[in-house]
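S.K.: Data file query.cif (mmCIF, C-alpha atoms and all ligand atoms) is appended below.
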data_start
#
loop_
_atom_site.label_atom_id
_atom_site.label_comp_id
_atom_site.auth_asym_id
_atom_site.auth_seq_id
_atom_site.Cartn_x
_atom_site.Cartn_y
_atom_site.Cartn_z
CA MET V 305 -100.09 147.21 46.24
CA TYR V 306 -98.17 144.77 44.05
CA ARG V 307 -94.54 143.93 44.53
CA GLN V 308 -91.84 144.85 42.04
CA PRO V 309 -90.38 142.07 39.87
CA GLY V 310 -86.86 141.32 41.11
CA SER V 311 -87.56 142.54 44.63
CA ILE V 312 -87.32 140.28 47.69
CA CYS V 313 -90.01 139.60 50.27
CA MET V 314 -90.94 136.96 52.82
CA LEU V 315 -93.20 133.94 52.34
CA ARG V 316 -94.39 132.88 55.78
CA TYR V 317 -96.53 130.22 57.43
CA ARG V 318 -98.44 130.87 60.59
CA ARG V 319 -101.59 129.54 62.11
CA LEU V 320 -102.72 130.58 65.56
CA GLY V 321 -99.65 132.20 67.01
CA PRO V 322 -96.13 132.91 65.84
CA VAL V 323 -94.71 132.52 62.36
CA THR V 324 -93.39 128.94 62.25
CA PHE V 325 -91.88 128.84 58.78
CA ALA V 326 -90.46 131.81 56.87
CA MET V 327 -88.29 132.18 53.83
CA PRO V 328 -87.12 135.12 51.76
CA VAL V 329 -88.15 134.75 48.13
CA ARG V 330 -87.57 136.69 44.92
CA VAL V 331 -90.62 138.26 43.30
CA VAL V 332 -90.67 137.08 39.68
CA ASP V 333 -93.97 138.76 38.91
CA ASP V 334 -96.88 140.05 40.92
CA GLY V 335 -100.21 141.30 39.68
CA SER V 336 -103.97 140.94 39.82
CA ASP V 337 -104.04 137.42 38.31
CA LEU V 338 -100.84 135.82 39.50
CA THR V 339 -98.04 136.03 42.03
CA MET V 340 -94.82 134.27 40.99
CA LEU V 341 -92.10 133.80 43.58
CA TYR V 342 -88.71 132.11 43.40
CA LEU V 343 -87.09 130.21 46.25
CA ALA V 344 -83.46 129.40 45.50
CA ALA V 345 -81.53 126.51 47.01
CA GLY V 346 -79.14 127.95 49.59
CA THR V 347 -81.67 130.45 50.96
CA PRO V 348 -81.51 130.97 54.75
CA MET V 349 -84.86 130.52 56.43
CA LYS V 350 -86.65 129.99 59.72
CA ALA V 351 -88.40 126.70 60.44
CA ARG V 352 -90.18 124.86 63.20
CA ALA V 353 -87.65 122.90 65.24
CA MET V 354 -87.38 120.64 68.24
CA PRO V 355 -87.14 122.48 71.58
CA ASP V 356 -83.33 122.13 71.46
CA GLY V 357 -83.20 123.67 67.98
CA THR V 358 -82.47 120.46 66.11
CA PRO V 359 -84.63 119.59 63.07
CA VAL V 360 -87.98 117.92 63.68
CA PRO V 361 -87.45 114.25 62.69
CA ARG V 362 -89.33 113.48 59.48
CA ASP V 363 -90.78 110.30 60.92
CA LEU V 364 -92.14 111.96 64.08
CA PRO V 365 -95.90 111.33 63.87
CA TYR V 366 -98.12 114.37 63.31
CA LEU V 367 -99.88 114.07 66.66
CA GLU V 368 -96.53 113.90 68.50
CA ARG V 369 -95.29 116.95 66.62
CA GLN V 370 -98.37 118.91 67.65
CA LYS V 371 -97.56 118.33 71.31
CA LEU V 372 -94.11 119.93 71.04
CA PRO V 373 -93.67 123.45 72.35
CA ILE V 374 -93.11 125.80 69.41
CA ALA V 375 -89.45 126.45 68.74
CA ILE V 376 -88.05 128.15 65.65
CA ALA V 377 -84.51 127.72 64.34
CA ASN V 378 -82.33 128.86 61.47
CA ARG V 379 -82.26 126.54 58.51
CA VAL V 380 -81.14 126.63 54.89
CA TRP V 381 -83.43 125.63 52.02
CA THR V 382 -81.45 123.04 50.09
CA THR V 383 -81.56 120.73 47.08
CA ASN V 384 -84.21 122.30 44.87
CA ASP V 385 -84.81 125.66 43.22
CA VAL V 386 -88.52 126.33 43.39
CA LEU V 387 -90.81 128.49 41.26
CA ILE V 388 -94.02 129.22 43.16
CA LEU V 389 -97.23 130.14 41.32
CA ALA V 390 -100.14 131.49 43.34
CA ARG V 391 -103.37 132.96 42.05
CA PRO V 392 -105.30 135.40 44.26
CA GLY V 393 -108.06 133.82 46.29
CA GLU V 394 -107.11 130.22 45.45
CA ALA V 395 -106.51 127.88 48.38
CA HIS V 396 -103.34 126.36 46.95
CA ASP V 397 -100.16 127.24 45.12
CA VAL V 398 -98.22 125.22 42.56
CA ARG V 399 -94.47 124.80 42.99
CA LEU V 400 -92.09 123.65 40.28
CA PHE V 401 -89.10 121.83 41.76
CA ARG V 402 -85.83 121.81 39.88
CA ASP V 403 -82.72 120.02 41.10
CA ALA V 404 -80.30 122.83 41.93
CA ALA V 405 -77.24 120.71 41.10
CA THR V 406 -78.34 119.23 37.79
CA GLY V 407 -81.13 121.59 36.65
CA ALA V 408 -83.43 118.58 36.13
CA PHE V 409 -87.16 119.22 36.54
CA ARG V 410 -88.38 117.12 39.48
CA GLY V 411 -92.13 117.78 39.31
CA TRP V 412 -94.91 119.98 40.58
CA TYR V 413 -95.84 120.21 44.24
CA VAL V 414 -99.34 121.46 44.92
CA ASN V 415 -99.41 122.96 48.40
CA LEU V 416 -102.95 123.26 49.70
CA GLN V 417 -103.07 126.36 51.87
CA ASP V 418 -105.01 129.55 52.60
CA PRO V 419 -104.93 132.08 49.76
CA LEU V 420 -101.82 134.26 50.15
CA ARG V 421 -102.44 137.26 52.37
CA ARG V 422 -100.41 140.40 51.75
CA VAL V 423 -98.47 141.72 54.75
CA GLY V 424 -95.77 144.36 55.05
CA VAL V 425 -92.86 141.97 54.70
CA GLY V 426 -94.45 139.81 52.00
CA PHE V 427 -97.07 137.08 52.04
CA ASP V 428 -98.59 134.99 54.81
CA THR V 429 -100.52 131.77 54.48
CA VAL V 430 -101.73 128.83 56.57
CA ASP V 431 -100.81 125.31 55.52
CA HIS V 432 -103.63 122.81 54.96
CA VAL V 433 -101.41 119.76 55.61
CA LEU V 434 -102.69 117.79 52.58
CA ASP V 435 -100.67 118.14 49.36
CA ILE V 436 -100.47 116.69 45.85
CA PHE V 437 -97.27 115.74 44.04
CA VAL V 438 -97.16 115.58 40.24
CA GLU V 439 -94.34 113.74 38.48
CA PRO V 440 -92.79 115.38 35.39
CA ASP V 441 -94.77 112.89 33.26
CA GLY V 442 -98.06 114.02 34.82
CA ARG V 443 -98.67 111.10 37.19
CA TRP V 444 -100.02 112.55 40.43
CA ARG V 445 -100.57 111.34 43.96
CA TRP V 446 -101.99 112.77 47.16
CA LYS V 447 -99.31 113.46 49.74
CA ASP V 448 -99.60 113.41 53.53
CA GLU V 449 -103.15 112.00 53.60
CA ASP V 450 -102.29 110.29 56.89
CA GLU V 451 -101.18 113.58 58.44
CA PHE V 452 -104.31 115.27 57.13
CA ALA V 453 -106.47 112.57 58.75
CA ALA V 454 -104.56 113.04 62.01
CA ALA V 455 -105.00 116.84 61.80
CA CYS V 456 -108.75 116.39 61.26
CA SER V 457 -108.95 113.93 64.16
CA ILE V 458 -107.75 116.58 66.61
CA GLY V 459 -110.04 119.25 65.20
CA ARG V 460 -107.44 121.31 63.39
CA PHE V 461 -109.96 121.44 60.54
CA SER V 462 -113.72 121.20 60.92
CA GLU V 463 -115.54 118.67 58.75
CA GLN V 464 -116.63 121.52 56.49
CA GLU V 465 -113.06 122.86 56.20
CA ALA V 466 -111.68 119.38 55.54
CA ASN V 467 -114.23 118.87 52.76
CA ALA V 468 -113.31 122.23 51.22
CA ILE V 469 -109.58 121.39 51.34
CA ARG V 470 -110.12 118.05 49.64
CA ALA V 471 -112.44 119.65 47.06
CA GLU V 472 -109.75 122.22 46.24
CA GLY V 473 -107.34 119.34 45.67
CA GLU V 474 -109.89 117.55 43.45
CA ARG V 475 -110.22 120.70 41.31
CA VAL V 476 -106.44 120.83 40.93
CA ILE V 477 -106.33 117.12 40.00
CA ALA V 478 -108.92 117.73 37.26
CA GLY V 479 -106.59 120.46 35.97
CA ILE V 480 -103.57 118.14 36.12
CA GLU V 481 -105.40 115.50 34.09
CA ALA V 482 -106.57 118.07 31.53
CA GLU V 483 -103.11 119.71 31.46
CA GLY V 484 -104.79 122.95 32.42
CA TRP V 485 -102.87 125.94 33.69
CA PRO V 486 -100.16 125.84 34.93
CA PHE V 487 -99.38 122.19 34.10
CA GLY V 488 -99.26 122.51 30.34
CA ALA V 489 -97.93 126.05 30.33
CA GLY V 490 -94.18 125.40 30.01
CA TYR V 491 -93.13 126.90 33.34
CA GLU V 492 -90.63 124.07 33.69
CA HIS V 493 -88.53 125.92 31.11
CA TRP V 494 -88.47 129.13 33.13
CA ARG V 495 -85.10 130.10 34.56
CA PRO V 496 -84.20 132.78 37.12
CA ASP V 497 -82.30 135.89 36.20
CA PRO V 498 -78.62 134.89 36.61
CA ALA V 499 -77.97 138.26 38.30
CA TRP V 500 -80.18 137.34 41.27
CA ASN V 501 -78.16 136.50 44.35
CA ILE V 502 -79.38 134.40 47.27
CA PRO V 503 -81.59 136.58 49.50
CA SER V 504 -80.62 137.01 53.13
CA LEU V 505 -83.02 136.63 56.01
CA PRO V 506 -84.09 140.12 57.14
CA HIS V 507 -84.02 141.06 60.83
CA ASN V 508 -87.76 141.73 60.73
CA TRP V 509 -88.79 138.37 59.25
CA ASP V 510 -91.43 137.92 61.95
CA HIS V 511 -92.81 141.47 61.98
CA ASP V 512 -96.16 142.24 60.41
CA ASP V 513 -96.14 145.89 59.46
CA ASP V 514 -92.61 146.52 58.23
CA THR V 515 -91.44 146.19 54.69
CA TYR V 516 -88.71 143.67 53.91
CA SER V 517 -85.41 145.25 54.95
MG MG V 601 -98.50 121.43 52.62
#
Represent the structure contained in this file as structure tokens.
Ligand code: MG
M.R.:
Amino acid sequence: MYRQPGSICMLRYRRLGPVTFAMPVRVVDDGSDLTMLYLAAGTPMKARAMPDGTPVPRDLPYLERQKLPIAIANRVWTTNDVLILARPGEAHDVRLFRDAATGAFRGWYVNLQDPLRRVGVGFDTVDHVLDIFVEPDGRWRWKDEDEFAAACSIGRFSEQEANAIRAEGERVIAGIEAEGWPFGAGYEHWRPDPAWNIPSLPHNWDHDDDTYS
């Protein structure tokens, strides 16, 4: 059931229909308490795009983005090497960002999302729009609160779901302030195996039942 350390699988985002965001990641560790994945700068991936395949402009408002027909294009993950820590059943993961050029630790990114679901090619989740960013010195801030409000306004989340998402974030913030796991655990000193190459995007990145190949 668990994936072998050193193997490669997909981490994918999907909501109602097709996979809209997919990247191959290296399995650092996988077990009953924790799944650790590594996303290296330079990794080819699939991402939501404008209908003509160009990147979605960062400043395009959330509600405008939602009106676009779904298009998916090839992209490359750049800039940061990312260690992803996800515990089973928790509605978030914690990502440690390290500058790929300098090796400097950039901070923790808490991505609020559905608990990871195991599929043939790897793991699927659903993004919850709201995030938290934690500076290396422990100062934290909510991220994308405006987008979250916009998502709630069009019924992407019910009031009950929105409350649960925010409550999950509040629990994480309590952990940040107490330096609870994983914030005081030294993961910023973790380094990937130098023998690991950059994974390629498998042909079956959007299949459900296949294994990564
Ligand atoms: Mg997010």
S.K.: Please report as JSON lines every residue of chain V lying within 8 Å of ligand MG 601 (chain V), along with the nearest atom pair and their distance in Å (one decimal), using only C-alpha atoms and all ligand atoms.
M.R.:
{"residue": "V:Val414", "atom": "CA", "partner": "V:MG601", "partner_atom": "MG", "distance": 7.7}
{"residue": "V:Asn415", "atom": "CA", "partner": "V:MG601", "partner_atom": "MG", "distance": 4.6}
{"residue": "V:Leu416", "atom": "CA", "partner": "V:MG601", "partner_atom": "MG", "distance": 5.6}
{"residue": "V:Gln417", "atom": "CA", "partner": "V:MG601", "partner_atom": "MG", "distance": 6.8}
{"residue": "V:Asp431", "atom": "CA", "partner": "V:MG601", "partner_atom": "MG", "distance": 5.4}
{"residue": "V:His432", "atom": "CA", "partner": "V:MG601", "partner_atom": "MG", "distance": 5.8}
{"residue": "V:Val433", "atom": "CA", "partner": "V:MG601", "partner_atom": "MG", "distance": 4.5}
{"residue": "V:Leu434", "atom": "CA", "partner": "V:MG601", "partner_atom": "MG", "distance": 5.6}
{"residue": "V:Asp435", "atom": "CA", "partner": "V:MG601", "partner_atom": "MG", "distance": 5.1}
S.K.: Please check which residues have atoms at most 12 Å from (-93.2, 116.4, 39.1) in the file's coordinates, counting all atoms listed in the file, and write them as a PDB file with C-alpha atoms, in the coordinates of the input.
M.R.:
ATOM      1  CA  VAL V 386     -88.520 126.330  43.390  1.00  0.00           C
ATOM      2  CA  VAL V 398     -98.220 125.220  42.560  1.00  0.00           C
ATOM      3  CA  ARG V 399     -94.470 124.800  42.990  1.00  0.00           C
ATOM      4  CA  LEU V 400     -92.090 123.650  40.280  1.00  0.00           C
ATOM      5  CA  PHE V 401     -89.100 121.830  41.760  1.00  0.00           C
ATOM      6  CA  ARG V 402     -85.830 121.810  39.880  1.00  0.00           C
ATOM      7  CA  ASP V 403     -82.720 120.020  41.100  1.00  0.00           C
ATOM      8  CA  ALA V 408     -83.430 118.580  36.130  1.00  0.00           C
ATOM      9  CA  PHE V 409     -87.160 119.220  36.540  1.00  0.00           C
ATOM     10  CA  ARG V 410     -88.380 117.120  39.480  1.00  0.00           C
ATOM     11  CA  GLY V 411     -92.130 117.780  39.310  1.00  0.00           C
ATOM     12  CA  TRP V 412     -94.910 119.980  40.580  1.00  0.00           C
ATOM     13  CA  TYR V 413     -95.840 120.210  44.240  1.00  0.00           C
ATOM     14  CA  VAL V 414     -99.340 121.460  44.920  1.00  0.00           C
ATOM     15  CA  ILE V 436    -100.470 116.690  45.850  1.00  0.00           C
ATOM     16  CA  PHE V 437     -97.270 115.740  44.040  1.00  0.00           C
ATOM     17  CA  VAL V 438     -97.160 115.580  40.240  1.00  0.00           C
ATOM     18  CA  GLU V 439     -94.340 113.740  38.480  1.00  0.00           C
ATOM     19  CA  PRO V 440     -92.790 115.380  35.390  1.00  0.00           C
ATOM     20  CA  ASP V 441     -94.770 112.890  33.260  1.00  0.00           C
ATOM     21  CA  GLY V 442     -98.060 114.020  34.820  1.00  0.00           C
ATOM     22  CA  ARG V 443     -98.670 111.100  37.190  1.00  0.00           C
ATOM     23  CA  TRP V 444    -100.020 112.550  40.430  1.00  0.00           C
ATOM     24  CA  ARG V 445    -100.570 111.340  43.960  1.00  0.00           C
ATOM     25  CA  ILE V 480    -103.570 118.140  36.120  1.00  0.00           C
ATOM     26  CA  PHE V 487     -99.380 122.190  34.100  1.00  0.00           C
ATOM     27  CA  TYR V 491     -93.130 126.900  33.340  1.00  0.00           C
ATOM     28  CA  GLU V 492     -90.630 124.070  33.690  1.00  0.00           C
TER      29      GLU V 492
END
S.K.: When you look at Arg475 (chain V) with a cut-off of 12 Å (counting all atoms listed in the file), what residues show up, excluding the ones that are within fewer than 5 positions of it in the same chain? I need them as a ChimeraX atom specification.
M.R.: /V:394-396,414,416,436,468-470,480-482,484-485
S.K.: So that I can check the surroundings of Ile458 (chain V), please list as a PDB file with C-alpha atoms, keeping the file's coordinate frame every protein, DNA and RNA residue that reaches within 12 Å of it, counting all atoms listed in the file and ignoring chain neighbours fewer than 2 positions away.
M.R.:
ATOM      1  CA  TYR V 366     -98.120 114.370  63.310  1.00  0.00           C
ATOM      2  CA  LEU V 367     -99.880 114.070  66.660  1.00  0.00           C
ATOM      3  CA  GLU V 368     -96.530 113.900  68.500  1.00  0.00           C
ATOM      4  CA  GLN V 370     -98.370 118.910  67.650  1.00  0.00           C
ATOM      5  CA  LYS V 371     -97.560 118.330  71.310  1.00  0.00           C
ATOM      6  CA  GLU V 451    -101.180 113.580  58.440  1.00  0.00           C
ATOM      7  CA  PHE V 452    -104.310 115.270  57.130  1.00  0.00           C
ATOM      8  CA  ALA V 453    -106.470 112.570  58.750  1.00  0.00           C
ATOM      9  CA  ALA V 454    -104.560 113.040  62.010  1.00  0.00           C
ATOM     10  CA  ALA V 455    -105.000 116.840  61.800  1.00  0.00           C
ATOM     11  CA  CYS V 456    -108.750 116.390  61.260  1.00  0.00           C
ATOM     12  CA  ARG V 460    -107.440 121.310  63.390  1.00  0.00           C
ATOM     13  CA  PHE V 461    -109.960 121.440  60.540  1.00  0.00           C
ATOM     14  CA  SER V 462    -113.720 121.200  60.920  1.00  0.00           C
ATOM     15  CA  GLU V 463    -115.540 118.670  58.750  1.00  0.00           C
TER      16      GLU V 463
END
S.K.: For CA of Ile312 (chain V) and CA of Ala345 (chain V), determine how far apart the two atoms are, in Å to one decimal place.
M.R.: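 For CA of Ile312 (chain V) relative to CA of Ala345 (chain V), the distance reads 15.0 Å.
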S.K.: Of the residues V:Arg319, V:Pro309, V:Asp510, V:Trp446, which is the one nearest to Asp418 (chain V), using only C-alpha atoms?
M.R.: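 Smallest distance to Asp418 (chain V) is found for V:Arg319.
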S.K.: Expressed in Å to a single decimal, how great is the separation between CA of Met354 (chain V) and CA of Leu320 (chain V)?
M.R.: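 Separating CA of Met354 (chain V) from CA of Leu320 (chain V) is a distance of 18.5 Å.
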S.K.: Determine, counting all atoms listed in the file, which protein, DNA and RNA residues have an atom within 9 Å of an atom of region 376-383 of chain V; residues of the same chain fewer than 6 positions away are not included. Present the result as an MDAnalysis selection string.
M.R.: chainID V and resid 323:325 327 343:355 357:359 402:405
S.K.: Which residues are close to Val329 (chain V), i.e. within 7 Å by all atoms listed in the file, leaving aside same-chain residues fewer than 6 positions away? Reply as a list of chain:residue names.
M.R.: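 Listed by chain and then number, they are V:Ile312, V:Cys313, V:Met314, V:Leu315, V:Leu341, V:Tyr342, V:Leu343, V:Pro503.
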S.K.: Excluding Thr339 (chain V) and its own-chain neighbours fewer than 2 positions away, which residues fall within 7 Å of it when counting all atoms listed in the file? Please give them as a list in words.
M.R.: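 My list of contacting residues is Asp333, Asp334, Gly335, Leu341, Leu389, Ala390 and Arg391 of chain V.
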S.K.: Go through V:Pro392, V:Asn384, V:Gly473, V:Ser504 and flag the residue nearest Thr406 (chain V), using all atoms listed in the file for the distances.
M.R.: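 Smallest separation from Thr406 (chain V) among the options: V:Asn384.
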S.K.: Go ahead and compute the interatomic distance for CA of Pro486 (chain V) and CA of Ser311 (chain V), in Å to one decimal.
M.R.: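 Interatomic distance, CA of Pro486 (chain V) to CA of Ser311 (chain V): 23.1 Å.
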S.K.: Counting all atoms listed in the file, figure out which residue out of V:Asp428, V:Trp494, V:Asp397, V:Met305 gets nearest to Pro322 (chain V).
M.R.: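 Closest to Pro322 (chain V) of all the choices is V:Asp428.
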S.K.: Here is a test: counting all atoms listed in the file, which residue of V:Asp363, V:Asp385, V:Glu483, V:Glu472 is nearest to Pro496 (chain V)?
M.R.: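 Closest to Pro496 (chain V), using all atoms listed in the file: V:Asp385.
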